[in-house]
>>> print(open('run04.txt').read())   # compact mmCIF, C-alpha atoms and all ligand atoms
# COMPACT_ATOMS: atom_id res chain seq x y z
CA MET A 99 25.47 -124.23 -6.49
CA ILE A 100 25.49 -121.18 -8.73
CA PRO A 101 22.03 -119.83 -9.60
CA ALA A 102 20.75 -120.59 -13.07
CA THR A 103 20.87 -116.96 -14.16
CA ARG A 104 24.60 -116.88 -13.53
CA ILE A 105 25.61 -120.36 -14.61
CA LEU A 106 26.47 -119.52 -18.20
CA PRO A 107 28.87 -116.67 -17.45
CA TRP A 108 30.47 -118.76 -14.72
CA ILE A 109 31.05 -121.71 -17.07
CA ILE A 110 32.47 -119.46 -19.79
CA TRP A 111 34.74 -117.80 -17.30
CA THR A 112 35.92 -121.03 -15.72
CA VAL A 113 36.68 -122.59 -19.09
CA LEU A 114 38.48 -119.47 -20.28
CA LEU A 115 40.81 -119.39 -17.34
CA LEU A 116 41.87 -123.03 -17.37
CA PRO A 117 44.85 -122.44 -19.66
CA SER A 118 46.01 -119.49 -17.58
CA CYS A 119 45.89 -121.52 -14.37
CA GLN A 120 48.19 -124.06 -15.92
CA LYS A 121 50.49 -121.30 -17.07
CA THR A 122 50.62 -119.87 -13.54
CA LYS A 123 52.11 -123.04 -12.16
CA SER A 124 55.05 -122.97 -14.55
CA SER A 125 55.57 -119.22 -14.77
CA ASN A 126 58.45 -117.33 -13.23
CA GLN A 127 58.15 -114.71 -10.49
CA ASP A 128 57.59 -111.85 -12.97
CA GLU A 129 54.56 -113.57 -14.48
CA ARG A 130 53.14 -114.68 -11.19
CA PRO A 131 49.96 -112.76 -10.41
CA PRO A 132 50.22 -110.54 -7.34
CA ASN A 133 49.14 -111.38 -3.81
CA PHE A 134 46.28 -109.41 -2.29
CA ILE A 135 45.91 -108.50 1.36
CA LEU A 136 42.63 -106.79 2.18
CA ILE A 137 42.57 -105.39 5.71
CA MET A 138 39.32 -104.01 7.07
CA ALA A 139 38.81 -102.28 10.41
CA ASP A 140 35.39 -102.45 12.07
CA ASP A 141 33.52 -99.20 12.77
CA LEU A 142 36.63 -97.09 12.15
CA GLY A 143 35.46 -93.59 11.23
CA TYR A 144 36.88 -91.09 8.75
CA GLY A 145 38.96 -89.39 11.46
CA GLY A 146 40.00 -92.56 13.24
CA ILE A 147 43.72 -92.84 12.39
CA GLY A 148 46.74 -90.52 12.25
CA CYS A 149 46.95 -90.15 8.46
CA PHE A 150 43.28 -89.11 8.41
CA GLY A 151 43.80 -86.35 10.95
CA ASN A 152 43.60 -88.06 14.33
CA GLU A 153 46.23 -86.57 16.65
CA GLU A 154 45.31 -88.63 19.69
CA ILE A 155 45.76 -92.16 18.32
CA GLN A 156 49.20 -93.32 17.18
CA THR A 157 49.09 -95.33 13.95
CA PRO A 158 52.65 -95.16 12.52
CA HIS A 159 52.30 -98.21 10.26
CA LEU A 160 49.06 -97.07 8.64
CA ASP A 161 50.52 -93.57 8.33
CA ARG A 162 53.56 -94.97 6.52
CA MET A 163 51.30 -97.09 4.31
CA ALA A 164 49.37 -93.93 3.35
CA SER A 165 52.49 -91.83 2.72
CA GLU A 166 54.05 -94.53 0.52
CA GLY A 167 50.80 -95.49 -1.22
CA ILE A 168 47.50 -93.94 -2.28
CA LYS A 169 45.37 -92.32 0.36
CA PHE A 170 41.72 -92.14 -0.76
CA THR A 171 39.88 -89.13 0.64
CA ASN A 172 36.60 -90.11 -1.08
CA TYR A 173 36.49 -93.74 -0.04
CA TYR A 174 33.06 -95.10 0.84
CA ALA A 175 31.75 -98.19 2.54
CA ASN A 176 28.84 -99.85 0.73
CA SER A 177 26.80 -99.56 3.88
CA THR A 178 26.73 -97.91 7.26
CA VAL A 179 26.69 -101.24 9.13
CA CYS A 180 28.71 -104.47 9.12
CA THR A 181 26.92 -107.27 7.25
CA PRO A 182 25.92 -105.42 4.07
CA THR A 183 29.33 -103.84 3.47
CA ARG A 184 30.93 -107.26 3.85
CA ALA A 185 28.40 -108.84 1.44
CA ALA A 186 29.13 -106.15 -1.18
CA MET A 187 32.87 -106.47 -0.73
CA MET A 188 32.80 -110.26 -1.00
CA THR A 189 30.63 -110.30 -4.14
CA GLY A 190 31.62 -107.07 -5.95
CA ARG A 191 27.90 -106.30 -6.18
CA TYR A 192 25.37 -104.20 -4.32
CA GLN A 193 24.40 -106.10 -1.17
CA GLN A 194 20.72 -105.98 -2.11
CA ARG A 195 21.46 -108.48 -4.89
CA SER A 196 22.38 -111.07 -2.25
CA GLY A 197 19.58 -109.97 0.09
CA MET A 198 22.04 -108.66 2.68
CA GLU A 199 20.77 -105.10 3.07
CA GLY A 200 20.74 -105.24 6.88
CA VAL A 201 22.55 -106.85 9.78
CA ILE A 202 22.26 -110.51 10.72
CA TYR A 203 21.93 -110.48 14.50
CA VAL A 204 22.92 -113.20 16.96
CA ARG A 205 19.46 -113.02 18.49
CA GLY A 206 16.06 -113.03 16.85
CA LYS A 207 14.69 -114.00 13.49
CA THR A 208 17.74 -113.12 11.39
CA ARG A 209 19.99 -115.57 13.24
CA ASP A 210 19.23 -118.39 10.79
CA LEU A 211 19.88 -116.25 7.72
CA GLY A 212 23.08 -115.76 5.76
CA MET A 213 24.57 -114.96 2.39
CA ALA A 214 23.66 -117.81 0.05
CA PRO A 215 26.53 -120.17 -0.79
CA SER A 216 25.49 -119.74 -4.45
CA GLU A 217 26.80 -116.15 -4.45
CA VAL A 218 30.13 -115.98 -6.27
CA THR A 219 32.69 -114.44 -3.93
CA ILE A 220 36.05 -112.81 -4.47
CA ALA A 221 37.63 -115.81 -2.72
CA GLU A 222 35.95 -118.30 -5.07
CA ALA A 223 36.96 -116.28 -8.11
CA LEU A 224 40.60 -116.01 -7.01
CA LYS A 225 40.72 -119.65 -5.92
CA GLU A 226 39.73 -120.55 -9.48
CA ARG A 227 42.80 -118.58 -10.55
CA GLY A 228 45.01 -120.80 -8.40
CA TYR A 229 45.17 -118.53 -5.37
CA ALA A 230 45.44 -119.70 -1.78
CA THR A 231 42.62 -117.96 0.07
CA GLY A 232 42.37 -117.10 3.75
CA ILE A 233 40.22 -115.05 6.10
CA MET A 234 41.46 -114.16 9.57
CA GLY A 235 38.87 -112.27 11.62
CA LYS A 236 35.19 -111.38 11.41
CA TRP A 237 32.86 -112.95 8.86
CA HIS A 238 29.33 -111.82 9.83
CA LEU A 239 27.60 -113.27 6.78
CA GLY A 240 25.80 -116.13 8.52
CA TYR A 241 25.92 -118.18 11.74
CA LYS A 242 25.06 -121.55 10.23
CA LYS A 243 27.96 -123.62 8.95
CA GLU A 244 26.54 -123.70 5.44
CA PHE A 245 27.26 -119.93 5.32
CA PHE A 246 30.80 -120.13 6.73
CA PRO A 247 33.79 -118.76 4.78
CA VAL A 248 35.05 -122.24 3.85
CA ASN A 249 31.79 -122.65 1.93
CA GLN A 250 32.43 -119.35 0.14
CA GLY A 251 35.84 -120.05 -1.36
CA PHE A 252 38.17 -119.58 1.61
CA ASP A 253 40.68 -122.38 2.19
CA GLU A 254 41.34 -121.26 5.72
CA PHE A 255 39.38 -119.38 8.36
CA HIS A 256 40.44 -118.38 11.83
CA GLY A 257 37.98 -116.05 13.51
CA TYR A 258 34.37 -115.46 14.43
CA VAL A 259 31.05 -115.22 12.63
CA SER A 260 29.02 -112.81 14.79
CA GLY A 261 29.11 -109.01 14.94
CA ASN A 262 31.48 -108.81 17.89
CA ILE A 263 33.02 -111.02 20.55
CA ASP A 264 34.75 -110.48 23.88
CA PHE A 265 38.36 -109.79 22.85
CA HIS A 266 39.57 -112.21 25.54
CA THR A 267 36.90 -114.86 26.22
CA HIS A 268 35.59 -114.98 22.61
CA TYR A 269 31.90 -115.10 23.57
CA ASP A 270 29.49 -113.17 21.38
CA ASN A 271 26.86 -110.71 22.52
CA ALA A 272 24.35 -113.52 23.13
CA GLY A 273 26.81 -115.40 25.36
CA ILE A 274 27.59 -117.99 22.67
CA TYR A 275 31.21 -119.05 22.16
CA ASP A 276 32.36 -117.80 18.76
CA TRP A 277 35.92 -118.70 17.76
CA TRP A 278 36.52 -121.03 14.84
CA HIS A 279 39.06 -122.76 12.70
CA ASN A 280 37.34 -123.56 9.41
CA LEU A 281 34.17 -125.42 10.56
CA ASP A 282 35.36 -126.32 14.04
CA SER A 283 34.79 -124.40 17.26
CA ILE A 284 38.22 -124.28 18.89
CA ALA A 285 39.64 -123.16 22.21
CA GLU A 286 42.42 -120.68 21.60
CA GLU A 287 43.65 -118.20 24.15
CA GLY A 288 44.59 -114.68 23.20
CA TYR A 289 43.53 -111.13 22.47
CA VAL A 290 41.49 -111.18 19.25
CA THR A 291 43.56 -108.56 17.43
CA ASP A 292 46.79 -110.43 18.24
CA LEU A 293 45.28 -113.76 17.15
CA ILE A 294 44.19 -112.22 13.84
CA THR A 295 47.73 -110.94 13.27
CA LYS A 296 49.33 -114.26 14.28
CA HIS A 297 47.15 -116.30 11.93
CA SER A 298 47.65 -113.78 9.13
CA VAL A 299 51.44 -113.98 9.44
CA ASP A 300 51.23 -117.80 9.54
CA PHE A 301 49.09 -117.79 6.40
CA ILE A 302 51.57 -115.59 4.51
CA GLU A 303 54.49 -117.76 5.57
CA THR A 304 52.70 -120.97 4.57
CA HIS A 305 51.63 -119.67 1.15
CA GLN A 306 54.59 -117.46 0.25
CA ASP A 307 55.47 -119.55 -2.79
CA ARG A 308 52.14 -119.19 -4.58
CA PRO A 309 49.68 -116.35 -5.19
CA PHE A 310 47.48 -115.72 -2.16
CA PHE A 311 44.46 -113.65 -1.19
CA LEU A 312 44.34 -112.83 2.50
CA TYR A 313 41.28 -111.06 3.89
CA ILE A 314 41.82 -109.60 7.36
CA PRO A 315 38.59 -108.19 8.79
CA HIS A 316 39.72 -106.93 12.20
CA GLU A 317 37.42 -106.60 15.19
CA ALA A 318 39.05 -103.33 16.30
CA PRO A 319 37.80 -100.80 17.14
CA HIS A 320 34.27 -102.28 17.41
CA CYS A 321 32.96 -102.67 20.95
CA PRO A 322 33.34 -104.22 23.50
CA PHE A 323 36.05 -101.76 24.45
CA GLN A 324 38.90 -103.84 25.80
CA GLY A 325 42.64 -103.42 25.60
CA ARG A 326 45.22 -106.19 25.69
CA ASN A 327 45.48 -106.24 29.47
CA ASP A 328 41.84 -105.56 30.32
CA PRO A 329 39.83 -108.46 31.71
CA GLY A 330 37.50 -110.72 29.75
CA TYR A 331 33.92 -110.27 30.92
CA ARG A 332 31.52 -112.26 28.75
CA PHE A 333 30.75 -115.75 30.00
CA PRO A 334 27.86 -118.11 29.21
CA GLY A 335 24.73 -117.74 31.25
CA GLU A 336 25.63 -114.26 32.51
CA LYS A 337 24.31 -110.84 31.62
CA PHE A 338 26.87 -108.29 30.54
CA PRO A 339 26.94 -104.74 29.17
CA TYR A 340 27.31 -104.41 25.39
CA TYR A 341 30.15 -101.86 25.50
CA GLY A 342 32.15 -103.76 28.12
CA ILE A 343 33.11 -103.23 31.75
CA VAL A 344 36.26 -101.13 31.39
CA ASP A 345 35.86 -97.78 33.20
CA ASP A 346 37.98 -95.71 30.83
CA LYS A 347 36.57 -96.78 27.47
CA ASP A 348 38.28 -93.93 25.63
CA ARG A 349 41.66 -95.29 26.74
CA ALA A 350 40.67 -98.82 25.70
CA TYR A 351 39.43 -97.54 22.31
CA ILE A 352 42.77 -95.86 21.58
CA GLU A 353 44.64 -99.01 22.55
CA MET A 354 42.44 -101.14 20.29
CA VAL A 355 43.32 -99.06 17.23
CA GLU A 356 47.00 -98.91 18.19
CA VAL A 357 47.26 -102.69 18.67
CA MET A 358 45.65 -103.18 15.25
CA ASP A 359 48.22 -100.80 13.76
CA GLU A 360 51.01 -102.72 15.51
CA GLY A 361 49.70 -105.92 13.90
CA ILE A 362 49.63 -104.26 10.49
CA GLY A 363 53.27 -103.32 11.11
CA GLU A 364 53.98 -106.99 11.70
CA LEU A 365 52.33 -107.89 8.38
CA PHE A 366 54.52 -105.40 6.55
CA ALA A 367 57.62 -106.75 8.32
CA THR A 368 56.59 -110.25 7.22
CA LEU A 369 56.24 -109.15 3.59
CA LYS A 370 59.68 -107.56 3.76
CA ARG A 371 61.30 -110.57 5.44
CA LEU A 372 59.85 -112.94 2.81
CA ASN A 373 60.71 -110.62 -0.08
CA LEU A 374 57.05 -110.28 -1.07
CA GLU A 375 56.71 -106.48 -0.94
CA GLU A 376 56.93 -105.95 -4.69
CA ASN A 377 54.44 -108.66 -5.44
CA THR A 378 51.73 -107.82 -2.91
CA LEU A 379 48.97 -105.23 -3.08
CA VAL A 380 47.86 -104.26 0.42
CA VAL A 381 44.56 -102.44 0.95
CA PHE A 382 43.29 -100.95 4.20
CA VAL A 383 39.66 -99.80 4.64
CA SER A 384 36.83 -99.68 7.17
CA ASP A 385 33.40 -101.29 6.93
CA ASN A 386 31.31 -98.29 8.03
CA GLY A 387 31.57 -94.96 9.79
CA ALA A 388 32.40 -94.24 13.38
CA GLU A 389 30.39 -95.45 16.33
CA GLN A 390 28.73 -92.39 17.80
CA HIS A 391 29.88 -92.54 21.41
CA TYR A 392 33.55 -93.45 21.09
CA GLY A 393 34.53 -93.13 17.42
CA HIS A 394 35.95 -90.27 15.33
CA ASN A 395 34.10 -89.14 12.22
CA GLY A 396 36.55 -86.40 11.22
CA GLY A 397 33.99 -83.63 11.65
CA LEU A 398 31.55 -85.12 9.13
CA ARG A 399 27.81 -85.20 9.71
CA GLY A 400 26.38 -88.41 11.12
CA TRP A 401 27.64 -91.71 12.44
CA LYS A 402 27.34 -95.44 11.89
CA LEU A 403 23.67 -96.38 11.18
CA ASN A 404 22.90 -93.43 8.87
CA LEU A 405 23.80 -92.37 5.35
CA PHE A 406 25.23 -88.93 5.93
CA GLU A 407 28.96 -88.81 5.22
CA GLY A 408 29.99 -89.73 8.76
CA GLY A 409 28.20 -93.06 8.40
CA ILE A 410 29.74 -94.15 5.10
CA ARG A 411 32.90 -92.15 4.27
CA VAL A 412 35.85 -93.98 5.83
CA PRO A 413 39.64 -94.26 5.50
CA GLY A 414 40.92 -96.05 2.40
CA ILE A 415 44.58 -96.78 1.57
CA ALA A 416 46.27 -98.88 -1.15
CA TRP A 417 49.96 -99.82 -1.04
CA TRP A 418 52.18 -101.76 -3.40
CA LYS A 419 55.93 -101.25 -3.35
CA GLY A 420 57.34 -100.21 -6.71
CA LYS A 421 53.92 -100.30 -8.41
CA ILE A 422 51.82 -97.65 -6.65
CA GLN A 423 53.29 -94.17 -6.46
CA PRO A 424 52.61 -92.01 -3.39
CA ALA A 425 49.47 -89.93 -3.97
CA VAL A 426 46.35 -88.53 -2.40
CA SER A 427 43.39 -89.52 -4.57
CA GLN A 428 40.05 -87.76 -4.60
CA GLU A 429 38.51 -90.35 -6.89
CA ILE A 430 35.27 -91.82 -5.54
CA VAL A 431 35.82 -95.44 -4.59
CA MET A 432 33.64 -98.00 -2.80
CA SER A 433 34.02 -101.38 -1.03
CA PHE A 434 32.71 -103.40 -3.98
CA ASP A 435 35.50 -102.12 -6.28
CA TRP A 436 38.17 -104.37 -4.80
CA MET A 437 36.82 -107.61 -6.27
CA PRO A 438 36.94 -106.39 -9.91
CA THR A 439 40.29 -104.73 -9.20
CA PHE A 440 41.89 -107.88 -7.81
CA LEU A 441 40.45 -110.01 -10.60
CA ALA A 442 41.80 -107.63 -13.23
CA LEU A 443 45.23 -107.61 -11.61
CA SER A 444 45.23 -111.41 -11.50
CA ASN A 445 44.69 -111.35 -15.29
CA ALA A 446 41.32 -113.02 -15.00
CA PRO A 447 39.57 -113.26 -18.34
CA ASP A 448 36.62 -111.04 -19.06
CA ILE A 449 35.27 -110.18 -15.64
CA ALA A 450 32.28 -108.47 -17.26
CA ASN A 451 30.72 -111.94 -17.32
CA LEU A 452 30.36 -111.84 -13.56
CA ALA A 453 28.02 -108.82 -13.78
CA LEU A 454 29.78 -106.95 -10.99
CA ASP A 455 28.62 -103.50 -9.87
CA GLY A 456 32.06 -102.40 -8.71
CA ILE A 457 34.72 -101.21 -11.16
CA ASP A 458 38.33 -102.14 -11.80
CA LEU A 459 40.57 -99.54 -10.12
CA SER A 460 43.86 -100.96 -11.37
CA ALA A 461 44.62 -98.29 -14.02
CA HIS A 462 44.06 -95.64 -11.37
CA LEU A 463 46.22 -97.44 -8.81
CA LEU A 464 49.11 -98.17 -11.16
CA ARG A 465 48.98 -95.30 -13.66
CA GLU A 466 46.92 -92.66 -11.90
CA GLN A 467 44.27 -92.74 -14.63
CA PRO A 468 41.05 -91.03 -13.54
CA LEU A 469 38.04 -93.25 -12.93
CA VAL A 470 34.91 -93.11 -15.04
CA ASP A 471 32.14 -90.92 -13.65
CA ARG A 472 29.43 -93.01 -12.03
CA PRO A 473 26.70 -92.55 -9.47
CA LEU A 474 26.96 -94.59 -6.26
CA PHE A 475 23.96 -95.69 -4.21
CA TRP A 476 23.10 -96.72 -0.66
CA LYS A 477 20.00 -97.94 1.15
CA TYR A 478 19.74 -98.74 4.83
CA ARG A 479 16.57 -98.86 6.89
CA LYS A 480 14.65 -95.60 6.29
CA GLN A 481 17.31 -93.85 4.25
CA LYS A 482 18.43 -93.99 0.66
CA ALA A 483 21.36 -91.98 -0.72
CA ILE A 484 23.09 -91.28 -4.02
CA ARG A 485 26.42 -89.61 -4.72
CA ASP A 486 26.96 -88.31 -8.26
CA GLY A 487 30.02 -86.09 -8.76
CA LYS A 488 29.82 -83.21 -6.35
CA TRP A 489 26.15 -83.86 -5.51
CA LYS A 490 24.85 -86.04 -2.70
CA LEU A 491 21.18 -86.68 -2.08
CA VAL A 492 19.85 -88.35 1.07
CA VAL A 493 16.17 -89.33 1.08
CA ASP A 494 14.87 -90.06 4.56
CA GLU A 495 11.37 -91.58 4.84
CA GLU A 496 10.65 -89.45 7.90
CA LYS A 497 12.80 -86.33 7.55
CA GLY A 498 12.50 -85.72 3.81
CA ARG A 499 15.07 -84.83 1.19
CA PHE A 500 18.60 -83.50 1.74
CA LEU A 501 20.75 -82.29 -1.15
CA PHE A 502 24.36 -81.25 -0.62
CA ASP A 503 27.15 -79.91 -2.82
CA LEU A 504 30.04 -81.84 -1.30
CA SER A 505 32.62 -79.77 -3.20
CA GLU A 506 31.70 -76.83 -0.98
CA ASP A 507 29.93 -78.45 1.92
CA LEU A 508 31.63 -81.63 3.07
CA ARG A 509 29.93 -81.41 6.44
CA GLU A 510 26.48 -81.47 4.82
CA GLU A 511 25.26 -78.39 6.67
CA LYS A 512 23.44 -76.62 3.84
CA ASN A 513 20.42 -78.48 2.44
CA LEU A 514 19.93 -77.32 -1.18
CA ALA A 515 16.93 -79.56 -1.91
CA ASP A 516 14.55 -76.59 -2.16
CA GLN A 517 16.87 -74.43 -4.30
CA GLN A 518 18.08 -77.14 -6.67
CA THR A 519 14.81 -78.96 -7.17
CA ALA A 520 15.63 -80.25 -10.66
CA VAL A 521 18.89 -81.81 -9.44
CA ALA A 522 17.12 -83.34 -6.45
CA GLU A 523 14.27 -84.73 -8.62
CA THR A 524 16.64 -86.28 -11.15
CA MET A 525 18.76 -87.87 -8.45
CA GLU A 526 15.75 -89.23 -6.59
CA ASP A 527 14.53 -90.77 -9.86
CA GLN A 528 17.92 -92.45 -10.32
CA LEU A 529 17.76 -93.71 -6.75
CA THR A 530 14.29 -95.20 -7.23
CA LYS A 531 15.29 -96.91 -10.49
CA TRP A 532 18.47 -98.25 -8.92
CA TYR A 533 16.65 -99.73 -5.95
CA THR A 534 14.02 -101.41 -8.10
CA GLU A 535 16.77 -102.95 -10.19
CA VAL A 536 19.04 -104.25 -7.41
CA SER A 537 16.38 -105.40 -4.98
CA GLY A 538 14.06 -107.12 -7.47
CA ASN A 539 11.28 -108.88 -5.64
CA ARG A 540 13.52 -110.82 -3.34
CA GLU A 541 13.28 -111.18 0.40
CA MET A 542 15.78 -108.95 2.11
CA VAL A 543 17.44 -108.77 5.51
CA THR A 544 16.61 -105.19 6.46
CA ASN A 545 17.50 -104.97 10.18
CA CA B 601 31.03 -102.31 11.48
>>> encode(input="run04.txt", output="structure tokens")
Amino acid sequence: MIPATRILPWIIWTVLLLPSCQKTKSSNQDERPPNFILIMADDLGYGGIGCFGNEEIQTPHLDRMASEGIKFTNYYANSTVCTPTRAAMMTGRYQQRSGMEGVIYVRGKTRDLGMAPSEVTIAEALKERGYATGIMGKWHLGYKKEFFPVNQGFDEFHGYVSGNIDFHTHYDNAGIYDWWHNLDSIAEEGYVTDLITKHSVDFIETHQDRPFFLYIPHEAPHCPFQGRNDPGYRFPGEKFPYYGIVDDKDRAYIEMVEVMDEGIGELFATLKRLNLEENTLVVFVSDNGAEQHYGHNGGLRGWKLNLFEGGIRVPGIAWWKGKIQPAVSQEIVMSFDWMPTFLALSNAPDIANLALDGIDLSAHLLREQPLVDRPLFWKYRKQKAIRDGKWKLVVDEEKGRFLFDLSEDLREEKNLADQQTAVAETMEDQLTKWYTEVSGNREMVTN
């Protein structure tokens, strides 16, 4: 069910695209809309991979993707934690609009909550365009089956719905088994990262003859810290440590990122083998900044769970053979921009009808056109933040106001709030107006 306020645009849009769906079926390869592969790491910080300055972790496939494609140095996650970034990415809208401002936890009062099936997702919109749609990996937008990916436009789902599972036994942090195929709990042996890669390759092979959208939200490098050959440790009815039982967690962390990179290499090899490279846009991003104890934030201030740059600025890469030219882009981009971008590239009719907050990046990706100037906003727990050009304002309910000039102070060391009071006031006003508009009076998950 689509809410009444959005029914009219949805009907108009659906009717408008009927003729183009029919055309897709009979069109030749040149007219076929491109495939989209959206890969998202979990808790990977700004300095977490080779092409973003990490010298300790070997990520040759992501490094090659960045050198052949566009590397975004100002790429932001919509939030500093899992659930809200995923909600924004799936809907192309600020997560507050779907009530998903905080994390849905496996324990406690949020366990029964989820993103409403009435929200229009990127998968639903592309499915309407005739795309095959798949998600292999972490969902984290609701534990009840009514919230599962297959009820949000995905034809196929292999993965888990909680925040993290044992990479080997597939039990979540509450000791509940969490590995699914569509709506069924299934027994499947394997290391989560390898299973995600295997099912992703299978999906591409199965759907190679039609346009597809494949969303690959990896578990790596979120805890528990476990490599391929480390033991499983979560079992029902037992107590276990959140971060895992491996002694050398730094070693396990490195391996987790490297195995993910290996899997991404396998995806690229699959595209090449099936001759899909020139018809597939591949995007790699993270869902929030680095975890404080084991992650790499590239020298930025802050970590996952706060709105300083280290919590929200993450790696972003876009690759498309023959279409995207190698470049380093300083344009400011955010998670919710991929939905309008993919819809535009699939020649969807007027996407303005969907009232998305994200913007279409396609002219920037394909022709290096600059993006329009726009402010971007965040809210999580006691912090709100706005980025507008070079300025960034963080308003913390307890610690006060922080204003930074990111063009000179990327590490957010010099608080200019007292010197540039007019700038700070104006930005705080924008922030307040934004929050009133996106949150409305609705109930919100704020954990
Ligand atoms: Ca995360």
>>> residues_near_ligand(input="run04.txt", ligand="ligand CA 601 (chain B)", cutoff="8 Å", atoms="only C-alpha atoms and all ligand atoms", output="list of chain:residue names")
A:Ala139, A:Asp140, A:Asp141, A:Leu142, A:Thr178, A:Val179, A:Cys180, A:Thr181, A:Gly261, A:His320, A:Ser384, A:Asp385, A:Asn386, A:Gly387, A:Lys402
>>> closest_residue(input="run04.txt", among="A:Leu501, A:Ala272, A:Leu529, A:Val218", to="A:Gln517", atoms="only C-alpha atoms")
A:Leu501
>>> residues_near_point(input="run04.txt", point="(41.7, -114.0, 21.1)", cutoff="9 Å", atoms="only C-alpha atoms", output="JSON, numbers by chain")
{"A": [257, 264, 265, 266, 267, 268, 277, 286, 287, 288, 289, 290, 291, 292, 293, 294]}
>>> closest_residue(input="run04.txt", among="A:Asn262, A:Ala318, A:Met138, A:Val543", to="A:Leu211", atoms="all atoms listed in the file")
A:Val543
>>> residues_around(input="run04.txt", residues="A:Thr544", least_positions_apart="6", cutoff="9 Å", atoms="all atoms listed in the file", output="list in words")
Gly197, Met198, Glu199, Gly200, Val201, Ile202, Tyr478 and Arg479 of chain A
>>> closest_residue(input="run04.txt", among="A:Gly330, A:Gly251, A:Gly409, A:Gly206", to="A:Asn395", atoms="all atoms listed in the file")
A:Gly409
>>> atom_distance(input="run04.txt", atom1="atom CA of A:Lys225", atom2="atom CA of A:Phe311")
8.5 Å
>>> residues_around(input="run04.txt", residues="stretch 456-459 of chain A", least_positions_apart="3", cutoff="6 Å", atoms="all atoms listed in the file", output="number ranges by chain")
A: 190, 434-435, 438-439, 462
>>> closest_residue(input="run04.txt", among="A:Leu405, A:Ala285, A:Ala442, A:Leu224", to="A:Asn176", atoms="all atoms listed in the file")
A:Leu405
>>> atom_distance(input="run04.txt", atom1="atom CA of A:Glu254", atom2="atom CA of A:Ile137")
15.9 Å
>>> atom_distance(input="run04.txt", atom1="atom CA of A:Arg332", atom2="atom CA of A:Gly235")
18.6 Å
>>> residues_around(input="run04.txt", residues="stretch 412-415 of chain A", least_positions_apart="3", cutoff="10 Å", atoms="only C-alpha atoms", output="PyMOL selection string")
chain A and resi 137-139+141-147+149-150+160-161+163-175+380-388+395-396+407-409+426-427+431-433
>>> residues_around(input="run04.txt", residues="A:Pro132", least_positions_apart="5", cutoff="8 Å", atoms="all atoms listed in the file", output="JSON, numbers by chain")
{"A": [309, 310, 377, 378, 379, 443, 444]}
>>> closest_residue(input="run04.txt", among="A:His305, A:Arg130, A:Arg195, A:Lys243", to="A:Asn539", atoms="all atoms listed in the file")
A:Arg195
>>> residues_around(input="run04.txt", residues="A:Ser505", least_positions_apart="2", cutoff="9 Å", atoms="all atoms listed in the file", output="JSON, numbers by chain")
{"A": [487, 488, 489, 502, 503, 507, 508]}
>>> write_last_selection(input="run04.txt", atoms="C-alpha atoms", output="PDB file, keeping the file's coordinate frame")
ATOM      1  CA  GLY A 487      30.020 -86.090  -8.760  1.00  0.00           C
ATOM      2  CA  LYS A 488      29.820 -83.210  -6.350  1.00  0.00           C
ATOM      3  CA  TRP A 489      26.150 -83.860  -5.510  1.00  0.00           C
ATOM      4  CA  PHE A 502      24.360 -81.250  -0.620  1.00  0.00           C
ATOM      5  CA  ASP A 503      27.150 -79.910  -2.820  1.00  0.00           C
ATOM      6  CA  ASP A 507      29.930 -78.450   1.920  1.00  0.00           C
ATOM      7  CA  LEU A 508      31.630 -81.630   3.070  1.00  0.00           C
TER       8      LEU A 508
END
>>> closest_residue(input="run04.txt", among="A:Gly228, A:Gly363, A:Gly393, A:Gly273", to="A:Pro334", atoms="all atoms listed in the file")
A:Gly273
>>> residues_near_point(input="run04.txt", point="(14.1, -91.8, -5.1)", cutoff="10 Å", atoms="all atoms listed in the file", output="ChimeraX atom specification")
/A:482-484,491-494,499,522-533
>>> decode(input="run04.txt", residues="stretch 207-212 of chain A", atoms="N, CA, C and O atoms", output="PDB file, in the first residue's frame")
ATOM      1  N   LYS A 207      12.478  -2.563  22.706  1.00  0.00           N
ATOM      2  CA  LYS A 207      11.193  -2.124  22.148  1.00  0.00           C
ATOM      3  C   LYS A 207      11.229  -1.825  20.652  1.00  0.00           C
ATOM      4  O   LYS A 207      10.168  -1.752  20.025  1.00  0.00           O
ATOM      5  N   THR A 208      12.411  -1.671  20.060  1.00  0.00           N
ATOM      6  CA  THR A 208      12.429  -1.388  18.618  1.00  0.00           C
ATOM      7  C   THR A 208      12.363  -2.656  17.773  1.00  0.00           C
ATOM      8  O   THR A 208      12.233  -2.590  16.563  1.00  0.00           O
ATOM      9  N   ARG A 209      12.471  -3.822  18.416  1.00  0.00           N
ATOM     10  CA  ARG A 209      12.536  -5.068  17.652  1.00  0.00           C
ATOM     11  C   ARG A 209      11.331  -5.275  16.726  1.00  0.00           C
ATOM     12  O   ARG A 209      11.453  -5.864  15.653  1.00  0.00           O
ATOM     13  N   ASP A 210      10.158  -4.801  17.142  1.00  0.00           N
ATOM     14  CA  ASP A 210       8.960  -5.010  16.322  1.00  0.00           C
ATOM     15  C   ASP A 210       8.784  -3.949  15.244  1.00  0.00           C
ATOM     16  O   ASP A 210       7.840  -4.005  14.459  1.00  0.00           O
ATOM     17  N   LEU A 211       9.685  -2.979  15.199  1.00  0.00           N
ATOM     18  CA  LEU A 211       9.518  -1.876  14.245  1.00  0.00           C
ATOM     19  C   LEU A 211      10.246  -2.167  12.925  1.00  0.00           C
ATOM     20  O   LEU A 211      11.072  -3.065  12.837  1.00  0.00           O
ATOM     21  N   GLY A 212       9.931  -1.364  11.919  1.00  0.00           N
ATOM     22  CA  GLY A 212      10.588  -1.542  10.633  1.00  0.00           C
ATOM     23  C   GLY A 212      10.145  -0.457   9.673  1.00  0.00           C
ATOM     24  O   GLY A 212       9.222   0.305   9.963  1.00  0.00           O
TER      25      GLY A 212
END
